[in-house]
>>> print(open('input38.cif').read())   # mmCIF, C-alpha atoms
data_upload
loop_
_atom_site.group_PDB
_atom_site.id
_atom_site.type_symbol
_atom_site.label_atom_id
_atom_site.label_comp_id
_atom_site.auth_asym_id
_atom_site.auth_seq_id
_atom_site.Cartn_x
_atom_site.Cartn_y
_atom_site.Cartn_z
ATOM 1 C CA MET A 1 94.928 87.223 102.242
ATOM 2 C CA ARG A 2 91.290 87.499 101.156
ATOM 3 C CA ALA A 3 89.611 90.384 99.385
ATOM 4 C CA ILE A 4 86.148 91.659 98.487
ATOM 5 C CA VAL A 5 86.293 93.804 95.339
ATOM 6 C CA LEU A 6 83.612 96.310 94.360
ATOM 7 C CA PRO A 7 83.820 97.239 90.663
ATOM 8 C CA VAL A 8 82.299 100.681 90.012
ATOM 9 C CA LYS A 9 81.736 102.244 86.584
ATOM 10 C CA SER A 10 82.618 105.801 85.713
ATOM 11 C CA LEU A 11 79.987 108.084 87.213
ATOM 12 C CA ASP A 12 79.375 109.488 83.729
ATOM 13 C CA ASP A 13 78.090 106.080 82.592
ATOM 14 C CA THR A 14 76.340 104.760 85.651
ATOM 15 C CA LYS A 15 72.737 103.556 85.934
ATOM 16 C CA ALA A 16 71.592 104.460 82.434
ATOM 17 C CA ARG A 17 68.298 102.590 82.958
ATOM 18 C CA LEU A 18 67.291 105.261 85.460
ATOM 19 C CA GLY A 19 67.688 107.996 82.860
ATOM 20 C CA GLU A 20 63.930 108.573 82.608
ATOM 21 C CA VAL A 21 63.771 109.397 86.309
ATOM 22 C CA LEU A 22 67.151 110.842 87.296
ATOM 23 C CA ALA A 23 69.539 113.249 85.589
ATOM 24 C CA PRO A 24 73.183 112.196 85.106
ATOM 25 C CA MET A 25 74.446 114.076 88.172
ATOM 26 C CA GLU A 26 71.651 112.571 90.257
ATOM 27 C CA ARG A 27 72.520 109.063 89.083
ATOM 28 C CA ALA A 28 76.123 109.757 90.055
ATOM 29 C CA ALA A 29 75.017 110.819 93.552
ATOM 30 C CA LEU A 30 72.905 107.672 93.842
ATOM 31 C CA THR A 31 75.823 105.483 92.781
ATOM 32 C CA LEU A 32 78.079 107.010 95.419
ATOM 33 C CA ALA A 33 75.386 106.538 98.072
ATOM 34 C CA MET A 34 75.017 102.863 97.169
ATOM 35 C CA LEU A 35 78.786 102.440 97.230
ATOM 36 C CA GLU A 36 78.930 103.879 100.746
ATOM 37 C CA ASP A 37 76.132 101.566 101.913
ATOM 38 C CA VAL A 38 78.002 98.551 100.563
ATOM 39 C CA LEU A 39 81.281 99.799 102.030
ATOM 40 C CA ASP A 40 79.542 100.034 105.420
ATOM 41 C CA ALA A 41 78.981 96.285 105.199
ATOM 42 C CA ALA A 42 82.168 95.127 103.487
ATOM 43 C CA LEU A 43 84.704 97.065 105.541
ATOM 44 C CA MET A 44 83.484 95.427 108.746
ATOM 45 C CA VAL A 45 83.871 91.822 107.535
ATOM 46 C CA PRO A 46 86.660 90.405 109.721
ATOM 47 C CA GLY A 47 89.714 89.013 107.973
ATOM 48 C CA TRP A 48 88.896 90.450 104.535
ATOM 49 C CA GLU A 49 90.248 93.465 102.695
ATOM 50 C CA THR A 50 87.840 95.639 100.719
ATOM 51 C CA TRP A 51 88.940 96.892 97.308
ATOM 52 C CA VAL A 52 87.178 99.406 95.081
ATOM 53 C CA LEU A 53 88.089 99.181 91.400
ATOM 54 C CA SER A 54 87.012 102.122 89.240
ATOM 55 C CA PRO A 55 88.218 104.553 86.569
ATOM 56 C CA ASP A 56 86.457 107.408 88.380
ATOM 57 C CA GLU A 57 88.465 109.704 90.659
ATOM 58 C CA ALA A 58 85.455 110.597 92.809
ATOM 59 C CA VAL A 59 84.693 106.917 93.423
ATOM 60 C CA LEU A 60 88.302 106.165 94.317
ATOM 61 C CA GLU A 61 88.425 109.158 96.660
ATOM 62 C CA VAL A 62 85.381 107.873 98.542
ATOM 63 C CA ALA A 63 86.975 104.423 98.743
ATOM 64 C CA ALA A 64 90.286 105.724 100.058
ATOM 65 C CA THR A 65 88.620 108.051 102.550
ATOM 66 C CA ARG A 66 86.617 105.148 103.943
ATOM 67 C CA GLY A 67 89.698 102.933 104.291
ATOM 68 C CA ALA A 68 89.225 100.638 101.311
ATOM 69 C CA VAL A 69 91.995 99.831 98.847
ATOM 70 C CA ALA A 70 91.437 102.109 95.825
ATOM 71 C CA LEU A 71 92.462 100.532 92.504
ATOM 72 C CA VAL A 72 92.447 102.495 89.250
ATOM 73 C CA GLU A 73 90.622 100.526 86.573
ATOM 74 C CA ASP A 74 92.833 100.154 83.515
ATOM 75 C CA GLU A 75 90.241 99.214 80.942
ATOM 76 C CA PRO A 76 86.467 98.650 80.761
ATOM 77 C CA PRO A 77 84.122 96.799 80.482
ATOM 78 C CA LEU A 78 83.260 94.858 83.650
ATOM 79 C CA GLY A 79 84.790 91.600 82.468
ATOM 80 C CA GLN A 80 88.147 93.236 81.851
ATOM 81 C CA ALA A 81 87.978 95.061 85.173
ATOM 82 C CA ILE A 82 87.405 91.795 87.003
ATOM 83 C CA ARG A 83 90.362 90.209 85.227
ATOM 84 C CA GLN A 84 92.426 93.124 86.492
ATOM 85 C CA ALA A 85 91.193 92.413 90.023
ATOM 86 C CA GLU A 86 92.131 88.751 89.620
ATOM 87 C CA THR A 87 95.641 89.712 88.542
ATOM 88 C CA GLU A 88 95.901 92.082 91.499
ATOM 89 C CA ALA A 89 94.733 89.325 93.834
ATOM 90 C CA GLU A 90 97.280 86.913 92.429
ATOM 91 C CA GLY A 91 100.051 89.489 92.824
ATOM 92 C CA ARG A 92 99.109 90.053 96.458
ATOM 93 C CA GLY A 93 98.961 86.346 97.222
ATOM 94 C CA ALA A 94 95.201 86.260 97.843
ATOM 95 C CA ASP A 95 93.690 82.824 98.317
ATOM 96 C CA ALA A 96 90.104 84.074 97.946
ATOM 97 C CA LEU A 97 88.458 86.829 95.923
ATOM 98 C CA ALA A 98 84.829 87.903 96.192
ATOM 99 C CA VAL A 99 83.359 90.157 93.509
ATOM 100 C CA LEU A 100 80.448 92.098 95.013
ATOM 101 C CA LEU A 101 78.387 94.368 92.791
ATOM 102 C CA PRO A 102 78.029 97.749 94.516
ATOM 103 C CA ASP A 103 74.381 98.395 93.635
ATOM 104 C CA THR A 104 73.233 96.149 96.492
ATOM 105 C CA PRO A 105 72.443 98.749 99.181
ATOM 106 C CA PHE A 106 70.581 96.330 101.479
ATOM 107 C CA VAL A 107 73.610 94.107 102.117
ATOM 108 C CA THR A 108 74.730 93.921 105.756
ATOM 109 C CA THR A 109 77.960 92.922 107.421
ATOM 110 C CA ALA A 110 76.264 89.920 109.020
ATOM 111 C CA VAL A 111 74.931 88.598 105.714
ATOM 112 C CA LEU A 112 78.162 89.287 103.883
ATOM 113 C CA THR A 113 80.195 87.608 106.623
ATOM 114 C CA ARG A 114 78.029 84.485 106.514
ATOM 115 C CA THR A 115 78.286 84.395 102.735
ATOM 116 C CA VAL A 116 82.072 84.681 102.481
ATOM 117 C CA HIS A 117 82.415 82.064 105.226
ATOM 118 C CA THR A 118 80.359 79.591 103.195
ATOM 119 C CA LEU A 119 82.554 76.615 102.409
ATOM 120 C CA GLY A 120 83.551 75.666 98.888
ATOM 121 C CA PRO A 121 85.699 76.806 95.975
ATOM 122 C CA VAL A 122 82.808 78.697 94.351
ATOM 123 C CA VAL A 123 80.072 80.606 96.189
ATOM 124 C CA ILE A 124 77.391 82.522 94.296
ATOM 125 C CA ALA A 125 74.699 84.917 95.469
ATOM 126 C CA PRO A 126 72.152 85.305 92.660
ATOM 127 C CA ALA A 127 70.060 88.394 92.007
ATOM 128 C CA THR A 128 66.345 88.299 92.774
ATOM 129 C CA ASP A 129 65.503 87.325 89.192
ATOM 130 C CA GLU A 130 67.987 84.400 89.429
ATOM 131 C CA ARG A 131 69.541 85.574 86.188
ATOM 132 C CA GLY A 132 72.177 87.960 87.456
ATOM 133 C CA THR A 133 75.008 87.375 89.933
ATOM 134 C CA ASN A 134 75.438 89.875 92.749
ATOM 135 C CA LEU A 135 78.353 88.136 94.460
ATOM 136 C CA LEU A 136 80.868 85.634 93.136
ATOM 137 C CA LEU A 137 83.423 84.177 95.544
ATOM 138 C CA ARG A 138 86.241 81.979 94.270
ATOM 139 C CA ARG A 139 88.894 80.059 96.153
ATOM 140 C CA PRO A 140 91.444 80.530 94.563
ATOM 141 C CA PRO A 141 90.592 83.699 92.580
ATOM 142 C CA HIS A 142 90.879 81.848 89.233
ATOM 143 C CA ALA A 143 88.864 78.784 90.284
ATOM 144 C CA ILE A 144 86.450 79.521 87.419
ATOM 145 C CA THR A 145 86.228 82.293 84.833
ATOM 146 C CA ALA A 146 84.008 85.177 85.894
ATOM 147 C CA ARG A 147 81.105 85.530 83.455
ATOM 148 C CA PHE A 148 79.235 88.638 84.534
ATOM 149 C CA GLY A 149 76.672 89.999 82.093
ATOM 150 C CA PRO A 150 73.359 88.642 80.764
ATOM 151 C CA ASP A 151 72.353 85.350 82.411
ATOM 152 C CA SER A 152 75.510 85.420 84.530
ATOM 153 C CA PHE A 153 74.067 83.197 87.266
ATOM 154 C CA ARG A 154 73.399 80.355 84.824
ATOM 155 C CA ARG A 155 76.764 80.866 83.169
ATOM 156 C CA HIS A 156 78.608 80.784 86.487
ATOM 157 C CA VAL A 157 76.823 77.569 87.440
ATOM 158 C CA GLU A 158 77.756 76.076 84.068
ATOM 159 C CA ALA A 159 81.388 77.198 84.440
ATOM 160 C CA THR A 160 81.566 75.507 87.837
ATOM 161 C CA ALA A 161 80.147 72.295 86.403
ATOM 162 C CA GLU A 162 82.645 72.418 83.529
ATOM 163 C CA ALA A 163 85.461 72.749 86.066
ATOM 164 C CA ASP A 164 83.984 69.836 88.061
ATOM 165 C CA LEU A 165 83.905 71.901 91.234
ATOM 166 C CA PRO A 166 81.297 72.016 94.001
ATOM 167 C CA ILE A 167 79.228 75.175 94.219
ATOM 168 C CA ALA A 168 77.341 76.855 97.048
ATOM 169 C CA VAL A 169 74.386 79.088 96.157
ATOM 170 C CA CYS A 170 73.510 81.654 98.836
ATOM 171 C CA GLU A 171 70.011 83.022 98.381
ATOM 172 C CA ARG A 172 69.779 85.901 100.813
ATOM 173 C CA PRO A 173 67.389 88.803 100.182
ATOM 174 C CA GLU A 174 69.886 91.409 101.360
ATOM 175 C CA LEU A 175 72.296 90.263 98.636
ATOM 176 C CA ALA A 176 69.678 89.427 96.019
ATOM 177 C CA PHE A 177 68.313 92.961 95.686
ATOM 178 C CA ASP A 178 70.086 95.273 93.267
ATOM 179 C CA LEU A 179 68.951 98.741 92.314
ATOM 180 C CA ASP A 180 68.739 98.754 88.559
ATOM 181 C CA GLY A 181 65.363 100.086 87.379
ATOM 182 C CA PRO A 182 62.681 102.568 88.476
ATOM 183 C CA ASP A 183 60.694 99.940 90.383
ATOM 184 C CA ASP A 184 63.777 99.255 92.498
ATOM 185 C CA ILE A 185 63.775 102.897 93.576
ATOM 186 C CA LEU A 186 60.337 102.373 95.103
ATOM 187 C CA THR A 187 61.589 99.273 96.929
ATOM 188 C CA VAL A 188 64.343 101.320 98.561
ATOM 189 C CA LEU A 189 62.021 104.214 99.432
ATOM 190 C CA ARG A 190 59.506 101.864 101.060
ATOM 191 C CA SER A 191 62.139 100.038 103.059
ATOM 192 C CA PRO A 192 62.408 100.906 106.773
ATOM 193 C CA ARG A 193 66.206 100.639 106.619
ATOM 194 C CA PRO A 194 67.873 104.067 106.967
ATOM 195 C CA THR A 195 70.386 103.663 104.140
ATOM 196 C CA ARG A 196 72.299 106.467 102.441
ATOM 197 C CA THR A 197 70.659 105.292 99.233
ATOM 198 C CA ARG A 198 67.174 105.920 100.595
ATOM 199 C CA ALA A 199 68.198 109.326 101.951
ATOM 200 C CA VAL A 200 69.551 110.442 98.559
ATOM 201 C CA LEU A 201 66.431 109.246 96.745
ATOM 202 C CA GLN A 202 64.249 111.091 99.240
ATOM 203 C CA ASP A 203 66.291 114.266 98.811
ATOM 204 C CA LEU A 204 65.879 113.986 95.046
ATOM 205 C CA GLY A 205 62.099 113.615 95.309
ATOM 206 C CA ALA A 206 62.262 110.325 93.438
ATOM 207 C CA ASP A 207 58.928 109.119 94.808
ATOM 208 C CA GLU A 208 57.093 112.154 93.427
ATOM 209 C CA ARG A 209 58.834 111.832 90.080
ATOM 210 C CA LEU A 210 57.851 108.200 89.762
ATOM 211 C CA GLY A 211 54.280 109.054 90.673
ATOM 212 C CA ALA A 212 54.173 111.767 88.005
ATOM 213 C CA ARG A 213 55.722 109.385 85.493
ATOM 214 C CA ALA A 214 53.102 106.731 86.239
ATOM 215 C CA SER A 215 50.254 109.221 85.858
ATOM 216 C CA GLY A 216 51.704 110.592 82.632
ATOM 217 C CA THR A 217 52.013 114.162 83.924
#
>>> encode(input="input38.cif", output="structure tokens")
Amino acid sequence: MRAIVLPVKSLDDTKARLGEVLAPMERAALTLAMLEDVLDAALMVPGWETWVLSPDEAVLEVAATRGAVALVEDEPPLGQAIRQAETEAEGRGADALAVLLPDTPFVTTAVLTRTVHTLGPVVIAPATDERGTNLLLRRPPHAITARFGPDSFRRHVEATAEADLPIAVCERPELAFDLDGPDDILTVLRSPRPTRTRAVLQDLGADERLGARASGT
């Protein structure tokens, strides 16, 4: 069995860096839209289960409604949540576990399928800045210790070297983009892809708000 796990924070705590542009309820709506975009891709990957791990009931309801496995997060932060996913994977006899961050609304089934079919015990998809990690695939799920957080890409590469394992780095723009700051909102709004994320941002008038913010009005 193989699984792709999407760890999602409580909607009360999500996307704090967008606080100057979006109110808490709006950030929650954006988070759910991004989750649905990523679920669109992950649920169609053949031969892989999709898990959503979160302490938030609304997030878990969306996951269950869409057909993903909904797992109640026992304890934050992200590192602890991923350890919980690893334990779950071990208990279910999984031979591969991919951690995919759910703020990657441009990811597609085709790109995700190619990535999880990349050979090797450790596969990493770095963020655009090549500092963060947007996807970490391990065969088996404890092949290396997950080290999400600041400079996680470098730390994952170092962990793989310490374990003397080969590593595959997948640099694909659909996986590299993550929506984290105000500039990323503009990237989504200017994209021709009809994602749920773009639709929510348009409904919220995010473009006009960013323009007003830039002009100081």
>>> closest_residue(input="input38.cif", among="A:Val157, A:Ala41, A:Ile144, A:Val169", to="Ile4 (chain A)", atoms="only C-alpha atoms")
A:Ala41
>>> resolve_selection(input="input38.cif", expression="the PyMOL selection byres ((chain A and resi 97) around 8)", output="list in words")
Arg2, Ala3, Ile4, Val5, Glu86, Ala89, Ala94, Asp95, Ala96, Ala98, Val99, Leu137, Arg138, Arg139, Pro140 and Pro141 of chain A
>>> residues_around(input="input38.cif", residues="Glu75 (chain A)", least_positions_apart="4", cutoff="9 Å", atoms="all atoms listed in the file", output="PyMOL selection string")
chain A and resi 55+80-81+84
>>> closest_residue(input="input38.cif", among="A:Asp151, A:Glu49, A:Asp183, A:Asp103", to="Arg131 (chain A)", atoms="all atoms listed in the file")
A:Asp151
>>> residues_near_point(input="input38.cif", point="(81.0, 89.1, 94.6)", cutoff="12 Å", atoms="all atoms listed in the file", output="number ranges by chain")
A: 3-7, 38, 42, 50-51, 82, 85, 96-104, 107, 112, 115-116, 122-127, 132-138, 141, 146-148, 153, 156, 170, 175-176
>>> axis_aligned_box(input="input38.cif", around="region 133-139 of chain A", padding_each_side="8 Å", output="lines of an AutoDock Vina configuration file")
center_x = 82.0
center_y = 85.0
center_z = 93.0
size_x = 29.9
size_y = 25.8
size_z = 22.2
>>> residues_around(input="input38.cif", residues="Leu30 (chain A)", least_positions_apart="6", cutoff="10 Å", atoms="only C-alpha atoms", output="JSON list (two decimals) with C-alpha atoms, keeping the file's coordinate frame")
[["chain", "number", "residue", "atom", "x", "y", "z"],
["A", 11, "LEU", "CA", 79.99, 108.08, 87.21],
["A", 14, "THR", "CA", 76.34, 104.76, 85.65],
["A", 15, "LYS", "CA", 72.74, 103.56, 85.93],
["A", 22, "LEU", "CA", 67.15, 110.84, 87.30],
["A", 24, "PRO", "CA", 73.18, 112.20, 85.11],
["A", 36, "GLU", "CA", 78.93, 103.88, 100.75],
["A", 103, "ASP", "CA", 74.38, 98.40, 93.64],
["A", 179, "LEU", "CA", 68.95, 98.74, 92.31],
["A", 196, "ARG", "CA", 72.30, 106.47, 102.44],
["A", 197, "THR", "CA", 70.66, 105.29, 99.23],
["A", 198, "ARG", "CA", 67.17, 105.92, 100.60],
["A", 199, "ALA", "CA", 68.20, 109.33, 101.95],
["A", 200, "VAL", "CA", 69.55, 110.44, 98.56],
["A", 201, "LEU", "CA", 66.43, 109.25, 96.74],
["A", 204, "LEU", "CA", 65.88, 113.99, 95.05]]
>>> closest_residue(input="input38.cif", among="A:Pro173, A:Asp129, A:Ala163, A:Phe106", to="Pro194 (chain A)", atoms="all atoms listed in the file")
A:Phe106
>>> atom_distance(input="input38.cif", atom1="CA of Thr128 (chain A)", atom2="CA of Phe177 (chain A)")
5.8 Å
>>> resolve_selection(input="input38.cif", expression="the PyMOL selection byres ((chain A and resi 28) around 12)", output="ChimeraX atom specification")
/A:8-16,18-19,22-27,29-35,56,58-59,197,200-201
>>> atom_distance(input="input38.cif", atom1="CA of Thr113 (chain A)", atom2="CA of Glu174 (chain A)")
12.2 Å
>>> closest_residue(input="input38.cif", among="A:Gly67, A:Pro105, A:Pro76, A:Pro192", to="Met44 (chain A)", atoms="only C-alpha atoms")
A:Gly67
>>> atom_distance(input="input38.cif", atom1="CA of Ala68 (chain A)", atom2="CA of Val52 (chain A)")
6.7 Å
>>> closest_residue(input="input38.cif", among="A:Gly93, A:Thr109, A:Gly181, A:Val21", to="Leu43 (chain A)", atoms="all atoms listed in the file")
A:Thr109
>>> closest_residue(input="input38.cif", among="A:Arg172, A:Arg17, A:Met1, A:Val62", to="Asp184 (chain A)", atoms="only C-alpha atoms")
A:Arg17
